[in-house]
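Dumped model_16.txt below, it's compact mmCIF, C-alpha atoms:
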# COMPACT_ATOMS: atom_id res chain seq x y z
CA MET P 2 16.45 -3.36 13.10
CA ARG P 3 16.18 -4.43 9.47
CA LEU P 4 12.83 -3.87 7.77
CA ILE P 5 11.09 -4.57 4.48
CA LEU P 6 8.67 -2.02 3.00
CA TYR P 7 6.14 -4.00 0.99
CA GLY P 8 3.76 -2.50 -1.57
CA VAL P 9 5.62 0.71 -2.29
CA SER P 10 3.95 2.00 -5.48
CA SER P 11 2.61 5.06 -3.67
CA PRO P 12 4.20 8.40 -2.70
CA TYR P 13 3.29 7.64 0.92
CA ALA P 14 6.13 5.12 1.04
CA ALA P 15 8.57 8.06 1.15
CA ASP P 16 7.26 8.98 4.61
CA ALA P 17 7.99 5.46 5.84
CA VAL P 18 11.55 5.81 4.55
CA GLU P 19 11.94 9.01 6.56
CA THR P 20 10.58 7.43 9.75
CA ALA P 21 12.86 4.41 9.39
CA GLY P 22 15.79 6.79 9.03
CA ARG P 23 14.86 8.71 12.17
CA LEU P 24 14.61 5.42 14.06
CA GLY P 25 17.96 4.24 12.74
CA TRP P 26 16.36 1.20 11.10
CA GLU P 27 17.88 -0.35 7.98
CA LEU P 28 15.61 -0.79 4.99
CA ALA P 29 16.76 -4.11 3.56
CA ALA P 30 14.48 -3.75 0.53
CA CYS P 31 11.45 -1.86 -0.77
CA ILE P 32 9.23 -4.32 -2.58
CA ARG P 33 7.04 -3.47 -5.55
CA ASN P 34 4.38 -6.20 -5.64
CA VAL P 35 2.09 -4.96 -8.43
CA ALA P 36 2.64 -3.62 -11.92
CA GLY P 37 2.12 0.07 -12.49
CA GLY P 38 2.20 2.80 -9.92
CA ALA P 39 5.11 5.14 -9.39
CA PRO P 40 7.35 4.31 -6.44
CA PRO P 41 8.81 7.56 -5.06
CA GLU P 42 12.43 8.34 -5.89
CA GLU P 43 13.38 8.36 -2.19
CA LEU P 44 13.11 4.56 -1.95
CA PRO P 45 16.37 2.65 -1.51
CA SER P 46 16.87 -0.94 -2.67
CA LEU P 47 13.76 -1.15 -4.87
CA LEU P 48 12.98 -4.75 -5.79
CA ASP P 49 10.16 -6.57 -7.55
CA ALA P 50 8.40 -9.21 -5.44
CA GLU P 51 9.42 -11.97 -7.85
CA HIS P 52 13.03 -11.47 -6.71
CA LEU P 53 12.46 -11.98 -2.99
CA THR P 54 15.02 -14.22 -1.28
CA PRO P 55 14.61 -16.47 1.77
CA GLU P 56 16.72 -14.00 3.77
CA LEU P 57 14.40 -11.11 2.94
CA LEU P 58 11.30 -13.20 3.65
CA GLY P 59 12.61 -13.77 7.16
CA LEU P 60 12.52 -10.05 7.98
CA PRO P 61 9.55 -8.08 9.37
CA PHE P 62 7.55 -6.12 6.80
CA LEU P 63 5.42 -2.98 6.78
CA VAL P 64 2.90 -1.92 4.12
CA PRO P 65 3.12 1.88 3.58
CA LEU P 66 -0.22 2.42 1.81
CA MET P 67 -2.98 4.79 2.95
CA LYS P 68 -5.99 3.19 1.23
CA PRO P 69 -7.31 0.61 3.71
CA ALA P 70 -8.38 -2.02 1.18
CA ALA P 71 -5.08 -1.72 -0.69
CA ARG P 72 -3.13 -2.08 2.55
CA ARG P 73 -5.08 -5.19 3.49
CA ALA P 74 -4.56 -6.73 0.05
CA ALA P 75 -0.83 -6.00 0.02
CA GLY P 76 -0.43 -7.44 3.50
CA ALA P 77 -2.23 -10.61 2.47
CA ASP P 78 0.01 -10.83 -0.60
CA ALA P 79 3.11 -10.49 1.57
CA ILE P 80 1.97 -13.35 3.80
CA ALA P 81 1.14 -15.47 0.76
CA ARG P 82 4.68 -14.96 -0.56
CA GLY P 83 6.21 -16.19 2.70
CA PHE P 84 6.54 -13.25 5.09
CA SER P 85 5.44 -14.05 8.63
CA GLU P 86 6.03 -10.98 10.81
CA ALA P 87 4.35 -7.60 10.38
CA ALA P 88 6.34 -4.73 11.87
CA THR P 89 4.87 -1.85 13.86
CA MET P 90 6.59 1.49 13.26
CA LEU P 91 6.15 4.57 15.45
CA ASP P 92 7.88 7.75 14.35
CA PRO P 93 10.11 9.07 17.15
CA THR P 94 8.39 12.46 16.88
CA ALA P 95 4.97 10.92 17.64
CA ILE P 96 3.58 11.13 21.17
CA VAL P 97 2.08 7.79 22.17
CA ALA P 98 0.62 7.28 25.63
CA ARG P 99 2.06 4.44 27.69
CA SER P 100 -1.44 2.99 27.99
CA ALA P 101 -2.10 3.04 24.22
CA HIS P 102 -2.03 -0.23 22.29
CA ILE P 103 -0.91 -0.33 18.66
CA GLY P 104 -1.59 -3.45 16.60
CA ALA P 105 0.91 -5.32 14.43
CA GLY P 106 1.57 -3.80 11.02
CA SER P 107 0.54 -0.29 12.05
CA TYR P 108 2.44 2.89 11.18
CA VAL P 109 2.23 6.07 13.26
CA ASN P 110 3.70 8.92 11.24
CA ALA P 111 5.54 12.06 12.31
CA GLY P 112 3.97 14.36 14.88
CA ALA P 113 0.91 12.20 15.58
CA THR P 114 -0.53 12.03 19.09
CA LEU P 115 -2.24 8.98 20.61
CA ALA P 116 -3.79 9.70 24.00
CA ALA P 117 -4.32 7.46 27.00
CA GLY P 118 -6.19 4.22 26.43
CA VAL P 119 -6.20 4.40 22.63
CA ALA P 120 -6.51 0.96 21.02
CA ALA P 121 -5.45 0.69 17.39
CA GLY P 122 -5.95 -2.63 15.61
CA VAL P 123 -3.98 -4.49 12.99
CA SER P 124 -2.34 -2.49 10.17
CA CYS P 125 -3.67 0.96 11.04
CA ALA P 126 -2.17 4.02 9.31
CA ILE P 127 -2.08 7.20 11.40
CA ASN P 128 -0.69 10.01 9.31
CA ARG P 129 1.24 13.18 10.10
CA SER P 130 0.07 15.31 13.03
CA ALA P 131 -3.17 13.37 13.53
CA SER P 132 -4.52 13.42 17.09
CA ILE P 133 -6.41 10.43 18.50
CA GLY P 134 -8.38 11.19 21.66
CA HIS P 135 -8.32 9.18 24.86
CA HIS P 136 -9.93 5.72 24.82
CA THR P 137 -10.66 5.88 21.12
CA VAL P 138 -10.78 2.51 19.34
CA LEU P 139 -9.47 2.18 15.80
CA ASP P 140 -10.44 -1.17 14.34
CA ASP P 141 -8.23 -3.10 11.92
CA TYR P 142 -7.01 -1.36 8.73
CA VAL P 143 -8.25 2.10 9.70
CA SER P 144 -6.58 5.05 7.96
CA ILE P 145 -6.32 8.48 9.62
CA GLY P 146 -5.31 11.38 7.36
CA PRO P 147 -2.87 14.18 8.19
CA GLY P 148 -4.12 16.53 10.89
CA ALA P 149 -7.32 14.57 11.55
CA LEU P 150 -8.59 14.72 15.12
CA THR P 151 -10.88 12.56 17.21
CA GLY P 152 -12.38 13.45 20.54
CA GLY P 153 -12.28 11.00 23.40
CA GLY P 154 -14.17 7.72 23.32
CA CYS P 155 -14.67 7.53 19.57
CA ARG P 156 -14.76 4.32 17.55
CA VAL P 157 -13.61 4.05 13.94
CA GLY P 158 -14.68 0.85 12.20
CA GLU P 159 -12.64 -1.56 10.13
CA GLU P 160 -11.22 -0.11 6.89
CA ALA P 161 -12.74 3.31 7.58
CA PHE P 162 -10.89 6.39 6.33
CA LEU P 163 -10.70 9.83 7.94
CA GLY P 164 -9.53 12.47 5.46
CA VAL P 165 -7.11 15.34 5.95
CA GLY P 166 -8.16 17.54 8.87
CA ALA P 167 -11.38 15.65 9.61
CA ILE P 168 -12.75 16.13 13.13
CA LEU P 169 -14.82 13.68 15.18
CA ALA P 170 -16.71 14.96 18.21
CA PRO P 171 -16.29 12.89 21.39
CA GLU P 172 -17.92 9.44 21.45
CA VAL P 173 -18.78 9.44 17.75
CA THR P 174 -18.75 6.08 15.95
CA VAL P 175 -17.68 5.79 12.31
CA GLY P 176 -18.87 2.56 10.72
CA ALA P 177 -16.78 0.02 8.86
CA ARG P 178 -15.48 1.11 5.44
CA ALA P 179 -16.98 4.58 5.82
CA VAL P 180 -15.15 7.64 4.47
CA VAL P 181 -15.03 10.98 6.30
CA GLY P 182 -14.05 13.69 3.84
CA ALA P 183 -11.25 16.20 4.28
CA GLY P 184 -12.14 18.90 6.78
CA ALA P 185 -15.47 17.33 7.74
CA VAL P 186 -16.78 17.97 11.25
CA VAL P 187 -18.65 14.91 12.48
CA ILE P 188 -21.04 15.32 15.40
CA ASP P 189 -23.25 12.25 14.79
CA ASP P 190 -22.48 8.60 14.12
CA VAL P 191 -21.52 7.70 10.54
CA PRO P 192 -23.14 4.57 9.07
CA ALA P 193 -20.97 1.80 7.68
CA GLU P 194 -20.00 2.07 3.99
CA SER P 195 -21.12 5.69 3.71
CA THR P 196 -19.28 8.90 2.82
CA VAL P 197 -19.76 12.13 4.77
CA VAL P 198 -18.47 15.64 4.04
CA GLY P 199 -18.90 19.19 5.29
CA ASN P 200 -19.53 21.04 8.54
CA PRO P 201 -21.61 19.63 10.05
CA ALA P 202 -20.91 16.43 8.13
CA ARG P 203 -23.67 15.08 5.91
CA SER P 204 -23.90 11.89 3.92
CA ILE P 205 -23.34 12.04 0.17
CA ARG P 206 -23.16 8.32 -0.54
CA ALA P 207 -24.56 5.22 1.16
CA GLU P 208 -22.44 2.65 -0.60
CA ARG P 209 -18.88 1.46 -0.37
CA PRO P 210 -16.52 3.65 -2.42
CA ALA P 211 -14.79 1.94 -5.34
Could you take the file, read its structure, and then write that structure out as structure tokens?
Amino acid sequence: MRLILYGVSSPYAADAVETAGRLGWELAACIRNVAGGAPPEELPSLLDAEHLTPELLGLPFLVPLMKPAARRAAGADAIARGFSEAATMLDPTAIVARSAHIGAGSYVNAGATLAAGVAAGVSCAINRSASIGHHTVLDDYVSIGPGALTGGGCRVGEEAFLGVGAILAPEVTVGARAVVGAGAVVIDDVPAESTVVGNPARSIRAERPA
């Protein structure tokens, strides 16, 4: 398979390069679509978006960004420039249940586990060694940090972010665009657009992070 990485001005893009290599996929180009940023040195075939060709636009693309809003914006920019197919990439070291559903444009990184009945929406990012419990629902553009863990039956709202090593107790709901801080242990529902930290997790902000 030939693939485009789109929106690569983030160190996280290097992980996508590694996964593509393990899968035996060819990276036709890595597209920088905004000024600034520092694309990692591991990227092959780095190209500015202004130099896209019709051949490249005909390939599937993946946005390797962890910030949900940035991933959504870059995906929209890719579509506006003429891409039509979002790729889904699952690292071969990930364990994904046969009954799990992964939406278009999502990336499941190395060592992650998705249990039975998991439903991940469009353009979700599930980072290294994260563990998603059975029948958990991840809405569109959710980001799950390395080593984060959810119990069974959780729901994580659109554009929400679970930090490194965060833990959700079973059946907890995290609202849209909420942030769960690194290492937080969440035993109660998290309101939309809030930020929670600590063990047990407590709210420190009731507004959408910038």
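Residues surrounding stretch 172-182 of chain P within 7 Å are P:Gly152, P:Gly153, P:Gly154, P:Cys155, P:Arg156, P:Val157, P:Gly158, P:Glu159, P:Glu160, P:Ala161, P:Phe162, P:Leu163, P:Gly164, P:Ile188, P:Asp189, P:Asp190, P:Val191, P:Pro192, P:Ala193, P:Glu194, P:Ser195, P:Thr196, P:Val197, P:Val198, P:Arg209 [all atoms listed in the file; sequence separation below 6 positions excluded].
Of the listed residues P:Gly148, P:Arg82, P:Gly122, P:Ser130, the one whose atoms come nearest to P:Gly184 is P:Gly148, with distances taken using only C-alpha atoms.
In terms of minimum interatomic distance to P:Glu43, P:Ala14 ranks closest within P:Ala120, P:Ala183, P:Ala14, P:Met67, counting all atoms listed in the file.
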For this session: Select, from P:Ser132, P:Gly146, P:Val138, P:Ala126, the residue with the minimum atom-to-atom distance to P:Ala71, counting all atoms listed in the file.
Result: P:Ala126
For this session: List the neighbours of P:Asp78 out to 12 Å using only C-alpha atoms; skip same-chain residues closer than 4 positions along the sequence, and give me the result as an MDAnalysis selection string.
Result: chainID P and resid 7:8 32:35 50:51 62 64 71:74 82:85
Exercise. Using only C-alpha atoms, which residue out of P:Val186, P:Val18, P:Ile168, P:Ala121 lies closest to P:Val143?
Worked result: P:Ala121
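Our summary of the geometry notes that atom CA of P:Leu57 is positioned 14.9 Å from atom CA of P:Trp26.
Rounded to one decimal, atom CA of P:Ile96 and atom CA of P:Leu66 lie 21.6 Å from each other.
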Exercise. Could you state the separation of atom CA of P:Leu47 and atom CA of P:Leu4 in Å, given to one decimal place?
Worked result: 13.0 Å
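With distances restricted to only C-alpha atoms, P:Ile5 is the closest residue to P:Cys31 from P:Met90, P:Glu19, P:Ile5, P:Pro55.
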Seminar exercise, completed: From the list P:Ala21, P:Ser124, P:Pro45, P:Leu115, the nearest residue to P:Ala77 using all atoms listed in the file is P:Ser124
Around all of stretch 164-168 of chain P's listed atoms, make the axis-aligned box with 5 Å on each side and tell me centre and edge lengths in Å to one decimal, as lines of an AutoDock Vina configuration file.
center_x = -9.9
center_y = 15.0
center_z = 9.3
size_x = 15.6
size_y = 15.1
size_z = 17.7
Could stretch 132-146 of chain P be completed with N, CA and C atoms and written as a PDB file, in the coordinates of the input, please?
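out39.pdb was written with the following content:
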ATOM      1  N   SER P 132      -4.368  13.475  15.636  1.00  0.00           N
ATOM      2  CA  SER P 132      -4.520  13.420  17.090  1.00  0.00           C
ATOM      3  C   SER P 132      -5.695  12.507  17.436  1.00  0.00           C
ATOM      4  N   ILE P 133      -5.402  11.431  18.152  1.00  0.00           N
ATOM      5  CA  ILE P 133      -6.410  10.430  18.500  1.00  0.00           C
ATOM      6  C   ILE P 133      -6.726  10.567  19.978  1.00  0.00           C
ATOM      7  N   GLY P 134      -7.978  10.905  20.292  1.00  0.00           N
ATOM      8  CA  GLY P 134      -8.380  11.190  21.660  1.00  0.00           C
ATOM      9  C   GLY P 134      -8.399   9.980  22.567  1.00  0.00           C
ATOM     10  N   HIS P 135      -8.400  10.240  23.852  1.00  0.00           N
ATOM     11  CA  HIS P 135      -8.320   9.180  24.860  1.00  0.00           C
ATOM     12  C   HIS P 135      -9.407   8.122  24.665  1.00  0.00           C
ATOM     13  N   HIS P 136      -9.025   6.879  24.853  1.00  0.00           N
ATOM     14  CA  HIS P 136      -9.930   5.720  24.820  1.00  0.00           C
ATOM     15  C   HIS P 136     -10.676   5.567  23.494  1.00  0.00           C
ATOM     16  N   THR P 137     -10.112   6.119  22.447  1.00  0.00           N
ATOM     17  CA  THR P 137     -10.660   5.880  21.120  1.00  0.00           C
ATOM     18  C   THR P 137     -10.207   4.523  20.612  1.00  0.00           C
ATOM     19  N   VAL P 138     -11.087   3.827  19.909  1.00  0.00           N
ATOM     20  CA  VAL P 138     -10.780   2.510  19.340  1.00  0.00           C
ATOM     21  C   VAL P 138     -10.726   2.651  17.819  1.00  0.00           C
ATOM     22  N   LEU P 139      -9.614   2.260  17.254  1.00  0.00           N
ATOM     23  CA  LEU P 139      -9.470   2.180  15.800  1.00  0.00           C
ATOM     24  C   LEU P 139      -9.435   0.697  15.451  1.00  0.00           C
ATOM     25  N   ASP P 140     -10.420   0.239  14.718  1.00  0.00           N
ATOM     26  CA  ASP P 140     -10.440  -1.170  14.340  1.00  0.00           C
ATOM     27  C   ASP P 140      -9.393  -1.448  13.260  1.00  0.00           C
ATOM     28  N   ASP P 141      -9.267  -2.700  12.869  1.00  0.00           N
ATOM     29  CA  ASP P 141      -8.230  -3.100  11.920  1.00  0.00           C
ATOM     30  C   ASP P 141      -8.317  -2.317  10.608  1.00  0.00           C
ATOM     31  N   TYR P 142      -7.155  -1.985  10.056  1.00  0.00           N
ATOM     32  CA  TYR P 142      -7.010  -1.360   8.730  1.00  0.00           C
ATOM     33  C   TYR P 142      -7.635   0.032   8.623  1.00  0.00           C
ATOM     34  N   VAL P 143      -7.777   0.711   9.728  1.00  0.00           N
ATOM     35  CA  VAL P 143      -8.250   2.100   9.700  1.00  0.00           C
ATOM     36  C   VAL P 143      -7.129   3.000   9.165  1.00  0.00           C
ATOM     37  N   SER P 144      -7.515   4.037   8.423  1.00  0.00           N
ATOM     38  CA  SER P 144      -6.580   5.050   7.960  1.00  0.00           C
ATOM     39  C   SER P 144      -7.017   6.420   8.479  1.00  0.00           C
ATOM     40  N   ILE P 145      -6.072   7.146   9.082  1.00  0.00           N
ATOM     41  CA  ILE P 145      -6.320   8.480   9.620  1.00  0.00           C
ATOM     42  C   ILE P 145      -5.448   9.463   8.864  1.00  0.00           C
ATOM     43  N   GLY P 146      -6.054  10.432   8.180  1.00  0.00           N
ATOM     44  CA  GLY P 146      -5.310  11.380   7.360  1.00  0.00           C
ATOM     45  C   GLY P 146      -4.559  12.414   8.173  1.00  0.00           C
TER      46      GLY P 146
END
